[in-house]
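Structure data (PDB, C-alpha atoms, pLDDT in the B column) from entry_25.pdb:
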ATOM      1  CA  MET A   1       0.000   0.000   0.000  1.00 84.00           C
ATOM      2  CA  PRO A   2       1.466   3.378  -0.982  1.00 91.00           C
ATOM      3  CA  VAL A   3       2.454   5.800   1.769  1.00 92.00           C
ATOM      4  CA  GLU A   4      -0.180   8.296   0.558  1.00 91.00           C
ATOM      5  CA  GLN A   5      -2.950   5.774   1.192  1.00 93.00           C
ATOM      6  CA  VAL A   6      -1.598   4.967   4.640  1.00 93.00           C
ATOM      7  CA  ALA A   7      -1.512   8.695   5.428  1.00 93.00           C
ATOM      8  CA  ILE A   8      -5.144   9.088   4.310  1.00 94.00           C
ATOM      9  CA  LEU A   9      -6.251   6.127   6.418  1.00 95.00           C
ATOM     10  CA  ALA A  10      -4.333   7.397   9.456  1.00 95.00           C
ATOM     11  CA  THR A  11      -5.773  10.882   9.004  1.00 96.00           C
ATOM     12  CA  PHE A  12      -9.291   9.480   8.775  1.00 97.00           C
ATOM     13  CA  GLY A  13      -8.699   7.471  11.956  1.00 97.00           C
ATOM     14  CA  VAL A  14      -7.496  10.528  13.842  1.00 97.00           C
ATOM     15  CA  VAL A  15     -10.325  12.743  12.574  1.00 98.00           C
ATOM     16  CA  TRP A  16     -12.947  10.092  13.382  1.00 97.00           C
ATOM     17  CA  ALA A  17     -11.495   9.634  16.882  1.00 97.00           C
ATOM     18  CA  VAL A  18     -11.385  13.392  17.525  1.00 98.00           C
ATOM     19  CA  LEU A  19     -14.968  13.850  16.311  1.00 98.00           C
ATOM     20  CA  SER A  20     -16.170  10.928  18.440  1.00 97.00           C
ATOM     21  CA  VAL A  21     -14.475  12.213  21.594  1.00 97.00           C
ATOM     22  CA  GLY A  22     -15.531  15.751  20.727  1.00 97.00           C
ATOM     23  CA  HIS A  23     -19.132  14.667  20.307  1.00 98.00           C
ATOM     24  CA  ASN A  24     -19.256  13.209  23.793  1.00 97.00           C
ATOM     25  CA  LEU A  25     -17.590  16.255  25.352  1.00 97.00           C
ATOM     26  CA  ALA A  26     -19.703  18.710  23.394  1.00 97.00           C
ATOM     27  CA  ASP A  27     -23.063  16.966  23.749  1.00 96.00           C
ATOM     28  CA  HIS A  28     -22.680  16.024  27.417  1.00 95.00           C
ATOM     29  CA  VAL A  29     -20.178  18.342  29.116  1.00 96.00           C
ATOM     30  CA  PHE A  30     -19.197  21.646  27.473  1.00 95.00           C
ATOM     31  CA  GLY A  31     -21.577  22.218  24.585  1.00 93.00           C
ATOM     32  CA  GLN A  32     -25.069  22.250  26.063  1.00 95.00           C
ATOM     33  CA  SER A  33     -26.759  23.874  28.995  1.00 95.00           C
ATOM     34  CA  ASP A  34     -29.660  22.302  30.863  1.00 95.00           C
ATOM     35  CA  HIS A  35     -31.900  25.001  29.387  1.00 96.00           C
ATOM     36  CA  GLN A  36     -30.811  24.151  25.840  1.00 97.00           C
ATOM     37  CA  ALA A  37     -31.281  20.425  26.406  1.00 95.00           C
ATOM     38  CA  ALA A  38     -34.780  20.935  27.811  1.00 95.00           C
ATOM     39  CA  ASN A  39     -35.928  23.417  25.174  1.00 96.00           C
ATOM     40  CA  LYS A  40     -34.256  22.516  21.855  1.00 97.00           C
ATOM     41  CA  GLY A  41     -36.942  20.106  20.668  1.00 95.00           C
ATOM     42  CA  ALA A  42     -39.752  21.104  18.343  1.00 96.00           C
ATOM     43  CA  PRO A  43     -43.246  21.435  19.803  1.00 95.00           C
ATOM     44  CA  SER A  44     -45.588  18.529  19.217  1.00 91.00           C
ATOM     45  CA  ALA A  45     -48.367  18.684  16.635  1.00 90.00           C
ATOM     46  CA  ALA A  46     -50.871  19.036  19.491  1.00 92.00           C
ATOM     47  CA  GLU A  47     -48.943  22.009  20.914  1.00 94.00           C
ATOM     48  CA  VAL A  48     -48.844  23.678  17.500  1.00 93.00           C
ATOM     49  CA  ALA A  49     -52.610  23.054  17.130  1.00 95.00           C
ATOM     50  CA  ASP A  50     -53.052  24.781  20.505  1.00 95.00           C
ATOM     51  CA  GLY A  51     -51.249  27.864  19.198  1.00 95.00           C
ATOM     52  CA  VAL A  52     -47.585  27.218  20.078  1.00 95.00           C
ATOM     53  CA  SER A  53     -45.252  28.500  17.378  1.00 96.00           C
ATOM     54  CA  PRO A  54     -43.661  25.689  15.347  1.00 94.00           C
ATOM     55  CA  ARG A  55     -40.425  27.702  15.621  1.00 95.00           C
ATOM     56  CA  ARG A  56     -40.331  27.283  19.400  1.00 97.00           C
ATOM     57  CA  GLY A  57     -37.072  25.729  20.493  1.00 97.00           C
ATOM     58  CA  TRP A  58     -34.944  26.836  17.539  1.00 98.00           C
ATOM     59  CA  GLY A  59     -33.083  29.404  19.642  1.00 97.00           C
ATOM     60  CA  SER A  60     -32.034  26.802  22.186  1.00 97.00           C
ATOM     61  CA  CYS A  61     -31.234  24.287  19.462  1.00 98.00           C
ATOM     62  CA  LEU A  62     -29.042  26.679  17.473  1.00 98.00           C
ATOM     63  CA  ALA A  63     -27.271  27.922  20.611  1.00 98.00           C
ATOM     64  CA  HIS A  64     -26.438  24.309  21.493  1.00 98.00           C
ATOM     65  CA  VAL A  65     -25.264  23.542  17.939  1.00 98.00           C
ATOM     66  CA  ALA A  66     -23.017  26.632  18.004  1.00 98.00           C
ATOM     67  CA  GLN A  67     -21.472  25.706  21.382  1.00 97.00           C
ATOM     68  CA  TYR A  68     -21.127  22.075  20.327  1.00 98.00           C
ATOM     69  CA  HIS A  69     -19.279  22.980  17.134  1.00 98.00           C
ATOM     70  CA  LEU A  70     -17.012  25.428  18.921  1.00 97.00           C
ATOM     71  CA  VAL A  71     -15.868  22.512  21.103  1.00 97.00           C
ATOM     72  CA  MET A  72     -15.499  20.294  18.027  1.00 97.00           C
ATOM     73  CA  ALA A  73     -13.525  22.929  16.118  1.00 96.00           C
ATOM     74  CA  VAL A  74     -11.150  23.476  19.037  1.00 96.00           C
ATOM     75  CA  LEU A  75     -10.475  19.732  19.344  1.00 97.00           C
ATOM     76  CA  VAL A  76      -9.900  19.289  15.608  1.00 97.00           C
ATOM     77  CA  ALA A  77      -7.606  22.347  15.609  1.00 96.00           C
ATOM     78  CA  LEU A  78      -5.597  20.934  18.508  1.00 97.00           C
ATOM     79  CA  ALA A  79      -5.187  17.609  16.710  1.00 97.00           C
ATOM     80  CA  TRP A  80      -4.239  19.420  13.495  1.00 95.00           C
ATOM     81  CA  LEU A  81      -1.610  21.446  15.357  1.00 96.00           C
ATOM     82  CA  ALA A  82      -0.206  18.455  17.240  1.00 97.00           C
ATOM     83  CA  LEU A  83      -0.161  15.895  14.429  1.00 96.00           C
ATOM     84  CA  PRO A  84       1.045  15.955  10.821  1.00 92.00           C
ATOM     85  CA  LEU A  85      -2.472  15.765   9.387  1.00 94.00           C
ATOM     86  CA  SER A  86      -3.063  16.617   5.779  1.00 92.00           C
ATOM     87  CA  LEU A  87      -6.351  18.507   6.038  1.00 95.00           C
ATOM     88  CA  SER A  88      -7.871  21.279   3.976  1.00 95.00           C
ATOM     89  CA  TRP A  89     -10.020  24.180   5.037  1.00 95.00           C
ATOM     90  CA  THR A  90     -12.581  23.091   2.432  1.00 97.00           C
ATOM     91  CA  GLY A  91     -12.873  19.643   3.979  1.00 97.00           C
ATOM     92  CA  LEU A  92     -12.986  21.012   7.490  1.00 96.00           C
ATOM     93  CA  VAL A  93     -15.729  23.508   6.657  1.00 96.00           C
ATOM     94  CA  ALA A  94     -17.743  20.920   4.684  1.00 97.00           C
ATOM     95  CA  GLY A  95     -17.485  18.365   7.483  1.00 97.00           C
ATOM     96  CA  LEU A  96     -18.495  20.823  10.185  1.00 97.00           C
ATOM     97  CA  ILE A  97     -21.418  22.116   8.091  1.00 97.00           C
ATOM     98  CA  VAL A  98     -22.747  18.569   7.609  1.00 98.00           C
ATOM     99  CA  SER A  99     -22.338  17.980  11.325  1.00 98.00           C
ATOM    100  CA  ALA A 100     -24.100  21.231  12.275  1.00 98.00           C
ATOM    101  CA  VAL A 101     -27.048  20.765   9.916  1.00 98.00           C
ATOM    102  CA  THR A 102     -27.655  17.142  10.863  1.00 98.00           C
ATOM    103  CA  HIS A 103     -27.131  17.845  14.562  1.00 98.00           C
ATOM    104  CA  ALA A 104     -29.734  20.625  14.560  1.00 98.00           C
ATOM    105  CA  PHE A 105     -32.163  18.466  12.567  1.00 98.00           C
ATOM    106  CA  PHE A 106     -31.890  15.437  14.879  1.00 98.00           C
ATOM    107  CA  ASP A 107     -32.014  17.586  18.022  1.00 97.00           C
ATOM    108  CA  ARG A 108     -35.440  18.911  17.114  1.00 97.00           C
ATOM    109  CA  ARG A 109     -36.453  15.379  18.231  1.00 96.00           C
ATOM    110  CA  TRP A 110     -39.374  14.799  15.868  1.00 95.00           C
ATOM    111  CA  PRO A 111     -37.092  13.327  13.143  1.00 97.00           C
ATOM    112  CA  VAL A 112     -35.776  10.730  15.594  1.00 97.00           C
ATOM    113  CA  ARG A 113     -39.293   9.804  16.727  1.00 95.00           C
ATOM    114  CA  TRP A 114     -40.524   9.697  13.110  1.00 96.00           C
ATOM    115  CA  LEU A 115     -37.656   7.387  12.123  1.00 97.00           C
ATOM    116  CA  LEU A 116     -38.352   4.965  14.965  1.00 96.00           C
ATOM    117  CA  GLN A 117     -42.090   4.989  14.290  1.00 95.00           C
ATOM    118  CA  HIS A 118     -41.540   4.288  10.587  1.00 96.00           C
ATOM    119  CA  THR A 119     -38.887   1.582  10.930  1.00 96.00           C
ATOM    120  CA  GLY A 120     -40.855  -0.747  13.173  1.00 95.00           C
ATOM    121  CA  SER A 121     -39.677   0.588  16.549  1.00 95.00           C
ATOM    122  CA  PRO A 122     -42.425   2.850  17.915  1.00 94.00           C
ATOM    123  CA  ASP A 123     -42.153   1.244  21.358  1.00 94.00           C
ATOM    124  CA  PHE A 124     -38.406   1.966  21.447  1.00 93.00           C
ATOM    125  CA  ALA A 125     -39.224   5.654  20.872  1.00 92.00           C
ATOM    126  CA  GLU A 126     -41.253   5.586  24.087  1.00 92.00           C
ATOM    127  CA  LEU A 127     -38.779   3.522  26.153  1.00 91.00           C
ATOM    128  CA  ARG A 128     -37.713   5.328  29.350  1.00 90.00           C
ATOM    129  CA  ALA A 129     -37.014   2.593  31.885  1.00 89.00           C
ATOM    130  CA  ALA A 130     -34.194   0.684  33.587  1.00 82.00           C
ATOM    131  CA  GLY A 131     -31.643   3.328  32.620  1.00 81.00           C
ATOM    132  CA  MET A 132     -32.572   3.131  28.943  1.00 86.00           C
ATOM    133  CA  ASN A 133     -34.026   5.833  26.731  1.00 94.00           C
ATOM    134  CA  GLY A 134     -34.804   4.821  23.160  1.00 94.00           C
ATOM    135  CA  MET A 135     -34.961   8.361  21.787  1.00 95.00           C
ATOM    136  CA  TYR A 136     -31.611   9.267  23.352  1.00 95.00           C
ATOM    137  CA  LEU A 137     -29.879   6.114  22.119  1.00 95.00           C
ATOM    138  CA  THR A 138     -31.225   6.620  18.607  1.00 96.00           C
ATOM    139  CA  ASP A 139     -30.249  10.307  18.679  1.00 96.00           C
ATOM    140  CA  GLN A 140     -26.684   9.352  19.616  1.00 97.00           C
ATOM    141  CA  ALA A 141     -26.503   6.680  16.886  1.00 97.00           C
ATOM    142  CA  LEU A 142     -27.697   9.202  14.287  1.00 97.00           C
ATOM    143  CA  HIS A 143     -25.180  11.815  15.467  1.00 97.00           C
ATOM    144  CA  GLN A 144     -22.353   9.259  15.240  1.00 97.00           C
ATOM    145  CA  SER A 145     -23.469   8.280  11.727  1.00 97.00           C
ATOM    146  CA  ALA A 146     -23.451  11.924  10.643  1.00 98.00           C
ATOM    147  CA  LEU A 147     -20.006  12.361  12.197  1.00 98.00           C
ATOM    148  CA  LEU A 148     -18.748   9.445  10.105  1.00 98.00           C
ATOM    149  CA  VAL A 149     -19.798  11.380   6.984  1.00 98.00           C
ATOM    150  CA  SER A 150     -18.169  14.505   8.425  1.00 98.00           C
ATOM    151  CA  ALA A 151     -14.910  12.619   9.054  1.00 98.00           C
ATOM    152  CA  LEU A 152     -14.902  11.364   5.462  1.00 97.00           C
ATOM    153  CA  LEU A 153     -15.451  14.890   4.143  1.00 97.00           C
ATOM    154  CA  ILE A 154     -12.792  16.410   6.391  1.00 97.00           C
ATOM    155  CA  THR A 155     -10.310  13.735   5.346  1.00 96.00           C
ATOM    156  CA  ARG A 156     -10.991  13.632   1.613  1.00 95.00           C
ATOM    157  CA  LEU A 157     -11.843  17.200   0.530  1.00 94.00           C
TER     158      LEU A 157
END
Represent the structure from my file as structure tokens, please.
Amino acid sequence: MPVEQVAILATFGVVWAVLSVGHNLADHVFGQSDHQAANKGAPSAAEVADGVSPRRGWGSCLAHVAQYHLVMAVLVALAWLALPLSLSWTGLVAGLIVSAVTHAFFDRRWPVRWLLQHTGSPDFAELRAAGMNGMYLTDQALHQSALLVSALLITRL
């Protein structure tokens, strides 16, 4: 295998690892307040029918996404400074944009519920027992999947 291919694979591994660690730090420690977590979801259809604005929650959601991606950008920058990574600004921007858009979309919560309800897992969407939460676990799986795409973009563009 040529050295260039090994360098690409190593870079992808580092970027994926940094994004994975960054996701956990940003989603659970430094990138989200209790207020944002409680208020970032979209109102239900019943709430909208009762007069609640369908835009409710976007402020909290976007504030969280901004804080989250600040943490992510700092961690990627630190890795880029510390390691001989061959990254481009185009790839970095594209990867972070994909991450931000998908993160905001999933964090509105209705897309996660819709997905579970339409893939044969409506009960999992309602699970909140024995330390398990189906919506949270699905949300995290979707975020990690989006970060995989982001890592590919950051590495290859």
Residue among A:Trp114, A:Tyr136, A:Phe124, A:Trp16 lying closest to Leu75 (chain A), counting all atoms listed in the file = A:Trp16
Chain and number of each residue from the PyMOL selection byres ((chain A and resi 106-109) around 7), as a PyMOL selection string | chain A and resi 40-42+61+102-105+110-113+139
Convert the output of the PyMOL selection byres ((chain A and resi 94) around 12) on the shown file into explicit residues, formatted as a PyMOL selection string.
-> chain A and resi 87-93+95-101+147+149-157
So for region 141-147 of chain A, what box centre and size do we get, axis-aligned, 3 Å extra on each of the six sides, every listed atom, Å to one decimal, as JSON?
{"center_x": -23.9, "center_y": 9.5, "center_z": 13.8, "size_x": 13.7, "size_y": 11.7, "size_z": 12.2}
Picked residues, the PyMOL selection byres ((chain A and resi 28) around 12), as a ChimeraX atom specification = /A:21-27,29-34,36-37,64,67-68,71,136,140
Put those residues in a file: C-alpha atoms, as a short mmCIF file (atom, residue, chain, number, x, y, z; two decimals), in the coordinates of the input.
data_model
loop_
_atom_site.label_atom_id
_atom_site.label_comp_id
_atom_site.auth_asym_id
_atom_site.auth_seq_id
_atom_site.Cartn_x
_atom_site.Cartn_y
_atom_site.Cartn_z
CA VAL A 21 -14.48 12.21 21.59
CA GLY A 22 -15.53 15.75 20.73
CA HIS A 23 -19.13 14.67 20.31
CA ASN A 24 -19.26 13.21 23.79
CA LEU A 25 -17.59 16.26 25.35
CA ALA A 26 -19.70 18.71 23.39
CA ASP A 27 -23.06 16.97 23.75
CA VAL A 29 -20.18 18.34 29.12
CA PHE A 30 -19.20 21.65 27.47
CA GLY A 31 -21.58 22.22 24.58
CA GLN A 32 -25.07 22.25 26.06
CA SER A 33 -26.76 23.87 29.00
CA ASP A 34 -29.66 22.30 30.86
CA GLN A 36 -30.81 24.15 25.84
CA ALA A 37 -31.28 20.42 26.41
CA HIS A 64 -26.44 24.31 21.49
CA GLN A 67 -21.47 25.71 21.38
CA TYR A 68 -21.13 22.08 20.33
CA VAL A 71 -15.87 22.51 21.10
CA TYR A 136 -31.61 9.27 23.35
CA GLN A 140 -26.68 9.35 19.62
#
Pairwise distance for CA of Val14 (chain A) and CA of Leu85 (chain A), rounded to one decimal in Å =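 Rounded to one decimal, the two atoms are 8.5 Å apart.
Straight-line separation from CA of Thr119 (chain A) to CA of Pro54 (chain A): 25.0 Å.
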Mind pulling up the distance from CA of Glu126 (chain A) to CA of Glu47 (chain A)?
->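 One can read the CA of Glu47 (chain A) to CA of Glu126 (chain A) distance as 18.4 Å.
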Counting only C-alpha atoms, the residue among A:Ser86, A:Ser44, A:Asn39, A:Ser53 that lies closest to Ala10 (chain A) is A:Ser86
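Nearest to Ala7 (chain A) of all the residues A:Leu148, A:Leu70, A:Ala49, A:Leu83 is A:Leu83, based on all atoms listed in the file.
Around the coordinate (-38.2, 5.2, 18.9), residues that reach within 6 Å when counting all atoms listed in the file are Arg113, Leu116, Ser121, Pro122, Phe124, Ala125, Gly134 and Met135 of chain A.
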